[in-house]
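Quick look at start.pdb (PDB, C-alpha atoms):
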```pdb
MODEL        1
ATOM      1  CA  VAL A 143     157.498  73.067 175.241
ATOM      2  CA  VAL A 144     158.660  73.683 178.813
ATOM      3  CA  VAL A 145     159.273  77.384 178.147
ATOM      4  CA  ALA A 146     155.884  77.751 176.424
ATOM      5  CA  ALA A 147     154.164  76.053 179.370
ATOM      6  CA  LEU A 148     155.412  78.818 181.671
ATOM      7  CA  PHE A 149     153.013  81.209 179.934
ATOM      8  CA  PHE A 150     149.907  79.038 180.409
ATOM      9  CA  ARG A 151     147.010  80.390 182.470
ATOM     10  CA  ARG A 152     144.599  78.115 184.313
ATOM     11  CA  ASP A 153     141.391  80.002 183.636
ATOM     12  CA  PRO A 154     139.951  83.335 182.409
ATOM     13  CA  ALA A 155     139.881  84.672 185.964
ATOM     14  CA  GLN A 156     143.654  84.990 185.939
ATOM     15  CA  MET A 157     143.316  87.226 182.895
ATOM     16  CA  LYS A 158     140.498  89.227 184.533
ATOM     17  CA  ARG A 159     138.014  87.941 181.953
ATOM     18  CA  LEU A 160     134.652  86.223 182.208
ATOM     19  CA  PRO A 161     134.034  82.661 181.025
ATOM     20  CA  ASP A 162     131.482  82.084 178.282
ATOM     21  CA  ASN A 163     127.920  83.098 179.234
ATOM     22  CA  SER A 164     128.976  84.127 182.734
ATOM     23  CA  THR A 165     127.488  87.235 184.309
ATOM     24  CA  VAL A 166     129.406  87.111 187.591
ATOM     25  CA  SER A 167     133.067  88.030 187.754
ATOM     26  CA  PRO A 168     135.127  84.967 188.760
ATOM     27  CA  VAL A 169     137.780  85.021 191.435
ATOM     28  CA  ALA A 170     141.283  84.007 190.401
ATOM     29  CA  GLY A 171     141.818  80.309 190.948
ATOM     30  CA  GLN A 172     138.168  79.376 190.808
ATOM     31  CA  VAL A 173     136.935  76.858 188.270
ATOM     32  CA  VAL A 174     135.318  78.734 185.398
ATOM     33  CA  SER A 175     132.496  76.315 184.646
ATOM     34  CA  ASP A 176     129.194  77.163 186.253
ATOM     35  CA  SER A 177     128.794  73.439 186.987
ATOM     36  CA  TYR A 178     131.187  70.554 186.658
ATOM     37  CA  TYR A 179     131.515  66.864 187.386
ATOM     38  CA  SER A 180     133.933  65.315 189.828
ATOM     39  CA  VAL A 181     135.845  62.312 188.520
ATOM     40  CA  LYS A 182     133.555  59.990 190.479
ATOM     41  CA  GLU A 183     130.430  61.651 189.113
ATOM     42  CA  ALA A 184     131.785  61.563 185.572
ATOM     43  CA  VAL A 185     132.723  57.871 185.539
ATOM     44  CA  SER A 186     129.363  57.055 187.110
ATOM     45  CA  SER A 187     127.489  58.724 184.285
ATOM     46  CA  ARG A 188     126.172  57.109 181.133
ATOM     47  CA  GLN A 189     127.391  59.931 178.910
ATOM     48  CA  PHE A 190     131.002  59.428 180.000
ATOM     49  CA  TRP A 191     131.045  55.778 178.979
ATOM     50  CA  LEU A 192     129.254  56.553 175.732
ATOM     51  CA  PHE A 193     131.883  59.136 174.893
ATOM     52  CA  ALA A 194     134.701  56.839 176.051
ATOM     53  CA  ALA A 195     133.320  54.096 173.773
ATOM     54  CA  VAL A 196     133.236  56.531 170.847
ATOM     55  CA  TRP A 197     136.818  57.574 171.571
ATOM     56  CA  ALA A 198     137.940  53.927 171.828
ATOM     57  CA  ILE A 199     136.321  53.116 168.463
ATOM     58  CA  PHE A 200     137.914  56.187 166.919
ATOM     59  CA  ASN A 201     141.370  55.242 168.182
ATOM     60  CA  GLY A 202     140.976  51.636 167.101
ATOM     61  CA  CYS A 203     140.220  52.777 163.556
ATOM     62  CA  VAL A 204     142.962  55.423 163.601
ATOM     63  CA  GLN A 205     145.718  53.030 164.618
ATOM     64  CA  ALA A 206     144.512  50.287 162.277
ATOM     65  CA  VAL A 207     144.426  52.638 159.310
ATOM     66  CA  LEU A 208     147.848  54.114 160.009
ATOM     67  CA  LEU A 209     149.438  50.690 160.428
ATOM     68  CA  HIS A 210     147.707  48.749 157.666
ATOM     69  CA  THR A 211     146.732  51.151 154.871
ATOM     70  CA  ALA A 212     150.140  51.105 153.197
ATOM     71  CA  ASN A 213     150.118  47.302 153.169
ATOM     72  CA  HIS A 214     146.580  47.297 151.789
ATOM     73  CA  ILE A 215     147.609  49.602 148.926
ATOM     74  CA  THR A 216     150.548  47.431 147.912
ATOM     75  CA  ASP A 217     148.553  44.209 148.360
ATOM     76  CA  ILE A 218     146.093  45.281 145.650
ATOM     77  CA  GLY A 219     148.961  45.929 143.230
ATOM     78  CA  LEU A 220     149.624  49.651 143.606
ATOM     79  CA  SER A 221     153.097  51.063 144.163
ATOM     80  CA  THR A 222     154.940  51.609 147.421
ATOM     81  CA  THR A 223     155.452  55.218 146.332
ATOM     82  CA  LEU A 224     151.691  55.725 146.218
ATOM     83  CA  ALA A 225     151.340  54.042 149.615
ATOM     84  CA  ALA A 226     153.870  56.455 151.139
ATOM     85  CA  SER A 227     152.160  59.408 149.439
ATOM     86  CA  ILE A 228     148.767  58.436 150.852
ATOM     87  CA  ILE A 229     150.106  58.206 154.399
ATOM     88  CA  SER A 230     151.751  61.613 153.956
ATOM     89  CA  ALA A 231     148.511  63.052 152.571
ATOM     90  CA  ILE A 232     146.627  61.763 155.600
ATOM     91  CA  GLY A 233     149.050  63.666 157.821
ATOM     92  CA  GLY A 234     148.637  66.859 155.807
ATOM     93  CA  PHE A 235     144.849  66.717 155.824
ATOM     94  CA  SER A 236     144.937  65.900 159.538
ATOM     95  CA  ILE A 237     146.714  69.197 160.186
ATOM     96  CA  ALA A 238     144.052  70.983 158.133
ATOM     97  CA  GLY A 239     141.334  69.199 160.107
ATOM     98  CA  ARG A 240     142.814  70.243 163.428
ATOM     99  CA  PHE A 241     142.838  73.896 162.462
ATOM    100  CA  GLY A 242     139.686  73.948 160.349
ATOM    101  CA  LEU A 243     137.293  71.942 162.509
ATOM    102  CA  ALA A 244     138.594  73.446 165.743
ATOM    103  CA  SER A 245     137.935  76.906 164.305
ATOM    104  CA  LEU A 246     134.522  75.784 163.097
ATOM    105  CA  SER A 247     133.670  74.596 166.614
ATOM    106  CA  ASP A 248     133.996  78.185 167.821
ATOM    107  CA  ARG A 249     131.013  79.044 165.617
ATOM    108  CA  ILE A 250     128.822  75.930 165.735
ATOM    109  CA  GLY A 251     129.943  74.387 169.050
ATOM    110  CA  PRO A 252     132.242  71.444 169.746
ATOM    111  CA  ARG A 253     129.446  68.848 169.734
ATOM    112  CA  MET A 254     128.401  69.594 166.139
ATOM    113  CA  ALA A 255     132.009  69.954 164.988
ATOM    114  CA  TYR A 256     132.857  66.619 166.595
ATOM    115  CA  LEU A 257     129.880  65.020 164.865
ATOM    116  CA  ILE A 258     131.139  66.359 161.534
ATOM    117  CA  SER A 259     134.605  64.922 162.272
ATOM    118  CA  LEU A 260     133.198  61.484 163.069
ATOM    119  CA  SER A 261     130.986  61.654 159.981
ATOM    120  CA  LEU A 262     134.034  62.345 157.801
ATOM    121  CA  LEU A 263     135.834  59.422 159.410
ATOM    122  CA  THR A 264     132.837  57.148 158.840
ATOM    123  CA  LEU A 265     132.494  58.271 155.230
ATOM    124  CA  ALA A 266     136.194  57.558 154.723
ATOM    125  CA  MET A 267     135.867  54.011 156.070
ATOM    126  CA  VAL A 268     132.837  53.355 153.849
ATOM    127  CA  TRP A 269     134.694  54.860 150.869
ATOM    128  CA  MET A 270     137.610  52.513 151.564
ATOM    129  CA  GLN A 271     135.403  49.633 150.396
ATOM    130  CA  PHE A 272     135.591  51.045 146.857
ATOM    131  CA  THR A 273     139.207  52.246 146.665
ATOM    132  CA  GLN A 274     141.165  50.577 143.879
ATOM    133  CA  THR A 275     142.951  53.437 142.115
ATOM    134  CA  ALA A 276     145.257  56.264 143.102
ATOM    135  CA  TRP A 277     142.655  59.033 142.992
ATOM    136  CA  THR A 278     140.213  57.062 145.157
ATOM    137  CA  PHE A 279     142.903  56.626 147.793
ATOM    138  CA  TYR A 280     143.598  60.357 147.752
ATOM    139  CA  VAL A 281     139.895  61.005 148.343
ATOM    140  CA  PHE A 282     140.108  58.568 151.254
ATOM    141  CA  ALA A 283     143.158  60.413 152.602
ATOM    142  CA  ALA A 284     141.290  63.739 152.471
ATOM    143  CA  LEU A 285     138.150  62.468 154.203
ATOM    144  CA  TYR A 286     140.007  60.415 156.758
ATOM    145  CA  GLY A 287     142.683  63.018 157.477
ATOM    146  CA  LEU A 288     140.171  65.810 158.088
ATOM    147  CA  GLY A 289     138.097  63.605 160.395
ATOM    148  CA  HIS A 290     141.198  62.332 162.176
ATOM    149  CA  GLY A 291     142.527  65.817 162.881
ATOM    150  CA  GLY A 292     139.164  67.185 163.921
ATOM    151  CA  CYS A 293     138.496  64.421 166.438
ATOM    152  CA  PHE A 294     141.872  64.885 168.111
ATOM    153  CA  ALA A 295     141.566  68.674 168.249
ATOM    154  CA  LEU A 296     138.070  68.522 169.732
ATOM    155  CA  LEU A 297     138.713  66.004 172.516
ATOM    156  CA  ALA A 298     139.327  68.598 175.234
ATOM    157  CA  PRO A 299     136.511  70.954 174.115
ATOM    158  CA  MET A 300     134.066  68.050 174.057
ATOM    159  CA  LEU A 301     135.017  66.825 177.514
ATOM    160  CA  SER A 302     134.902  70.323 178.975
ATOM    161  CA  ARG A 303     131.458  70.866 177.431
ATOM    162  CA  LEU A 304     130.173  67.557 178.815
ATOM    163  CA  PHE A 305     131.792  67.583 182.271
ATOM    164  CA  GLY A 306     133.105  71.092 182.955
ATOM    165  CA  LEU A 307     136.658  72.129 183.751
ATOM    166  CA  GLY A 308     136.907  71.182 187.419
ATOM    167  CA  SER A 309     138.290  67.658 186.873
ATOM    168  CA  LEU A 310     139.058  67.914 183.176
ATOM    169  CA  GLY A 311     142.617  66.597 183.454
ATOM    170  CA  SER A 312     141.624  63.409 185.274
ATOM    171  CA  ILE A 313     138.576  62.815 183.104
ATOM    172  CA  MET A 314     140.641  63.299 179.972
ATOM    173  CA  GLY A 315     143.246  60.871 181.293
ATOM    174  CA  ILE A 316     140.658  58.143 181.779
ATOM    175  CA  THR A 317     139.175  58.860 178.354
ATOM    176  CA  VAL A 318     142.587  58.648 176.706
ATOM    177  CA  LEU A 319     143.212  55.355 178.510
ATOM    178  CA  CYS A 320     139.980  53.963 177.050
ATOM    179  CA  GLY A 321     141.137  55.205 173.666
ATOM    180  CA  ALA A 322     144.475  53.473 174.124
ATOM    181  CA  LEU A 323     142.690  50.172 174.683
ATOM    182  CA  GLY A 324     140.847  50.714 171.419
ATOM    183  CA  GLY A 325     144.091  51.703 169.738
ATOM    184  CA  LEU A 326     145.660  48.458 170.930
ATOM    185  CA  THR A 327     142.752  46.286 169.821
ATOM    186  CA  GLY A 328     142.115  47.793 166.373
ATOM    187  CA  PRO A 329     145.465  47.052 164.674
ATOM    188  CA  VAL A 330     145.743  43.575 166.208
ATOM    189  CA  ALA A 331     142.216  42.633 165.129
ATOM    190  CA  THR A 332     142.831  44.033 161.650
ATOM    191  CA  GLY A 333     146.028  42.038 161.309
ATOM    192  CA  TRP A 334     144.305  38.870 162.510
ATOM    193  CA  ILE A 335     141.491  39.315 159.984
ATOM    194  CA  PHE A 336     144.037  39.792 157.206
ATOM    195  CA  ASP A 337     145.973  36.704 158.272
ATOM    196  CA  THR A 338     142.750  34.703 158.381
ATOM    197  CA  THR A 339     141.100  35.907 155.165
ATOM    198  CA  GLY A 340     144.072  37.084 153.112
ATOM    199  CA  SER A 341     142.436  40.468 152.551
ATOM    200  CA  TYR A 342     141.855  43.742 154.389
ATOM    201  CA  ASN A 343     138.376  44.214 152.893
ATOM    202  CA  ARG A 344     136.500  42.547 155.739
ATOM    203  CA  ALA A 345     138.518  44.426 158.363
ATOM    204  CA  PHE A 346     137.765  47.800 156.768
ATOM    205  CA  PHE A 347     134.107  46.849 156.431
ATOM    206  CA  ILE A 348     133.918  46.009 160.139
ATOM    207  CA  MET A 349     135.626  49.311 160.983
ATOM    208  CA  SER A 350     133.076  51.204 158.909
ATOM    209  CA  ILE A 351     130.267  49.526 160.874
ATOM    210  CA  PHE A 352     131.878  50.501 164.175
ATOM    211  CA  CYS A 353     132.297  54.089 162.946
ATOM    212  CA  ILE A 354     128.606  54.259 162.028
ATOM    213  CA  ILE A 355     127.722  52.992 165.524
ATOM    214  CA  ALA A 356     130.009  55.629 167.067
TER     215      ALA A 356
ENDMDL
END
```
Please express what this file holds, its structure, as structure tokens.
Amino acid sequence: VVVAALFFRRDPAQMKRLPDNSTVSPVAGQVVSDSYYSVKEAVSSRQFWLFAAVWAIFNGCVQAVLLHTANHITDIGLSTTLAASIISAIGGFSIAGRFGLASLSDRIGPRMAYLISLSLLTLAMVWMQFTQTAWTFYVFAALYGLGHGGCFALLAPMLSRLFGLGSLGSIMGITVLCGALGGLTGPVATGWIFDTTGSYNRAFFIMSIFCIIA
């Protein structure tokens, strides 16, 4: 990773190329966005907190699913082998989502590709309400994995599209922190609901509602 990082370039200007839609040649070291938000401007905007809320919901669902799906599968009487296979399938489809939806964003834009990713995630959480057999869990793994991978791959493109590149690192850091809070809350809340009700059904239903809101 360290060796690969030595070959990174900050912006197209260092490669003597123009940024997207630019008609004026940039000077090396300049920020390539025509307009961008400072950190203060970003965190003062409504769209930042909307996106941060979406990212927090996404992470809450992601961590809850990864931690509790295997238990849910065995709790309804299916095998531990199937549970392990489903988690592995989620990882495989997540890789496909990262490549596929990131490539798709080059053609339709990151906003639409991100919407597709969240829609897949939402559909997966709704589908989870009806999963009782092996094949239904594999369908869940496909939908969820693709949405999971796409959302992660499109975080930086979405933030750069919304706020420019000037303070992207700091803005992304704050966004990831918001996501971490969601990632902390989701699994704990899911576990508490299971301990209280004896079933994961209500927890997955609540997650599907949050995904629809996102």
Quick one: everything within 12 Å of Asn343 of chain A, counting all atoms listed in the file, minus sequence neighbours fewer than 5 positions away in the same chain. Send it as a CSV table (one decimal) with C-alpha atoms, in the coordinates of the input.
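As a result, result.csv now contains:
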```csv
chain,number,residue,atom,x,y,z
A,210,HIS,CA,147.7,48.7,157.7
A,211,THR,CA,146.7,51.2,154.9
A,214,HIS,CA,146.6,47.3,151.8
A,215,ILE,CA,147.6,49.6,148.9
A,217,ASP,CA,148.6,44.2,148.4
A,218,ILE,CA,146.1,45.3,145.6
A,267,MET,CA,135.9,54.0,156.1
A,268,VAL,CA,132.8,53.4,153.8
A,269,TRP,CA,134.7,54.9,150.9
A,270,MET,CA,137.6,52.5,151.6
A,271,GLN,CA,135.4,49.6,150.4
A,272,PHE,CA,135.6,51.0,146.9
A,273,THR,CA,139.2,52.2,146.7
A,274,GLN,CA,141.2,50.6,143.9
A,332,THR,CA,142.8,44.0,161.6
A,333,GLY,CA,146.0,42.0,161.3
A,335,ILE,CA,141.5,39.3,160.0
A,336,PHE,CA,144.0,39.8,157.2
A,337,ASP,CA,146.0,36.7,158.3
A,338,THR,CA,142.8,34.7,158.4
A,348,ILE,CA,133.9,46.0,160.1
A,349,MET,CA,135.6,49.3,161.0
A,350,SER,CA,133.1,51.2,158.9
```
* **Output of the PyMOL selection byres ((chain A and resi 201-207) around 9), listed as a PyMOL selection string** => chain A and resi 196-200+208-212+263+267+286+290+321-333+346+349-350+352-353
Output file for the selection above: C-alpha atoms, as a PDB file, in the coordinates of the input:
```pdb
ATOM      1  CA  VAL A 196     133.236  56.531 170.847  1.00  0.00           C
ATOM      2  CA  TRP A 197     136.818  57.574 171.571  1.00  0.00           C
ATOM      3  CA  ALA A 198     137.940  53.927 171.828  1.00  0.00           C
ATOM      4  CA  ILE A 199     136.321  53.116 168.463  1.00  0.00           C
ATOM      5  CA  PHE A 200     137.914  56.187 166.919  1.00  0.00           C
ATOM      6  CA  LEU A 208     147.848  54.114 160.009  1.00  0.00           C
ATOM      7  CA  LEU A 209     149.438  50.690 160.428  1.00  0.00           C
ATOM      8  CA  HIS A 210     147.707  48.749 157.666  1.00  0.00           C
ATOM      9  CA  THR A 211     146.732  51.151 154.871  1.00  0.00           C
ATOM     10  CA  ALA A 212     150.140  51.105 153.197  1.00  0.00           C
ATOM     11  CA  LEU A 263     135.834  59.422 159.410  1.00  0.00           C
ATOM     12  CA  MET A 267     135.867  54.011 156.070  1.00  0.00           C
ATOM     13  CA  TYR A 286     140.007  60.415 156.758  1.00  0.00           C
ATOM     14  CA  HIS A 290     141.198  62.332 162.176  1.00  0.00           C
ATOM     15  CA  GLY A 321     141.137  55.205 173.666  1.00  0.00           C
ATOM     16  CA  ALA A 322     144.475  53.473 174.124  1.00  0.00           C
ATOM     17  CA  LEU A 323     142.690  50.172 174.683  1.00  0.00           C
ATOM     18  CA  GLY A 324     140.847  50.714 171.419  1.00  0.00           C
ATOM     19  CA  GLY A 325     144.091  51.703 169.738  1.00  0.00           C
ATOM     20  CA  LEU A 326     145.660  48.458 170.930  1.00  0.00           C
ATOM     21  CA  THR A 327     142.752  46.286 169.821  1.00  0.00           C
ATOM     22  CA  GLY A 328     142.115  47.793 166.373  1.00  0.00           C
ATOM     23  CA  PRO A 329     145.465  47.052 164.674  1.00  0.00           C
ATOM     24  CA  VAL A 330     145.743  43.575 166.208  1.00  0.00           C
ATOM     25  CA  ALA A 331     142.216  42.633 165.129  1.00  0.00           C
ATOM     26  CA  THR A 332     142.831  44.033 161.650  1.00  0.00           C
ATOM     27  CA  GLY A 333     146.028  42.038 161.309  1.00  0.00           C
ATOM     28  CA  PHE A 346     137.765  47.800 156.768  1.00  0.00           C
ATOM     29  CA  MET A 349     135.626  49.311 160.983  1.00  0.00           C
ATOM     30  CA  SER A 350     133.076  51.204 158.909  1.00  0.00           C
ATOM     31  CA  PHE A 352     131.878  50.501 164.175  1.00  0.00           C
ATOM     32  CA  CYS A 353     132.297  54.089 162.946  1.00  0.00           C
TER      33      CYS A 353
END
```
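Coordinates place atom CA of Ile316 of chain A at a distance of 12.7 Å from atom CA of Ser180 of chain A.
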In the coordinate frame of the file, compute which residues have an atom within 9 Å of (139.4, 58.8, 178.1) when using only C-alpha atoms, and state them as a compact mmCIF listing (two decimals) with C-alpha atoms, in the coordinates of the input.
```txt
# COMPACT_ATOMS: atom_id res chain seq x y z
CA PHE A 190 131.00 59.43 180.00
CA TRP A 191 131.04 55.78 178.98
CA PHE A 193 131.88 59.14 174.89
CA ALA A 194 134.70 56.84 176.05
CA ALA A 195 133.32 54.10 173.77
CA TRP A 197 136.82 57.57 171.57
CA ALA A 198 137.94 53.93 171.83
CA SER A 312 141.62 63.41 185.27
CA ILE A 313 138.58 62.82 183.10
CA MET A 314 140.64 63.30 179.97
CA GLY A 315 143.25 60.87 181.29
CA ILE A 316 140.66 58.14 181.78
CA THR A 317 139.18 58.86 178.35
CA VAL A 318 142.59 58.65 176.71
CA LEU A 319 143.21 55.36 178.51
CA CYS A 320 139.98 53.96 177.05
CA GLY A 321 141.14 55.20 173.67
CA ALA A 322 144.48 53.47 174.12
```
* **Interatomic distance, atom CA of Phe241 of chain A to atom CA of Tyr256 of chain A (Å, one decimal)** =>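 Atom CA of Phe241 of chain A sits 13.0 Å away from atom CA of Tyr256 of chain A.
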* **Residues matched by the PyMOL selection byres ((chain A and resi 284) around 12) as JSON, numbers by chain** => {"A": [228, 229, 230, 231, 232, 233, 234, 235, 236, 237, 238, 239, 259, 262, 263, 265, 266, 267, 269, 270, 277, 278, 279, 280, 281, 282, 283, 285, 286, 287, 288, 289, 290, 291]}
* Asked: Do you have the atom CA of Leu310 of chain A-atom CA of Ala298 of chain A distance handy?
  ->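 Spanning atom CA of Leu310 of chain A to atom CA of Ala298 of chain A is a straight-line distance of 8.0 Å.
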* To do: Choose the residue, out of A:Thr216, A:Leu224, A:Ser187, A:Lys182, that has the smallest atom-to-atom separation from Ser341 of chain A; count only C-alpha atoms.
  => A:Thr216
* **A:Leu304, A:Leu148, A:Ala226, A:Leu220 ranked by distance to Arg253 of chain A, top pick (using all atoms listed in the file)** => A:Leu304
* Which one is closest to Val185 of chain A: A:Phe305, A:Asn213, A:Arg240, A:Pro252? Count only C-alpha atoms. ->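 Counting only C-alpha atoms, the residue closest to Val185 of chain A is A:Phe305.
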* **Counting all atoms listed in the file, the option among A:Ile354, A:Leu307, A:Val145, A:Leu246 closest to Ser261 of chain A** =>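 Smallest separation from Ser261 of chain A among the options: A:Ile354.
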* When distances are computed from all atoms listed in the file, which of A:Trp334, A:Ala356, A:Phe347, A:Arg303 shows the smallest separation from Tyr179 of chain A? ->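 Looking at the shortest contact to Tyr179 of chain A, the residue is A:Arg303.
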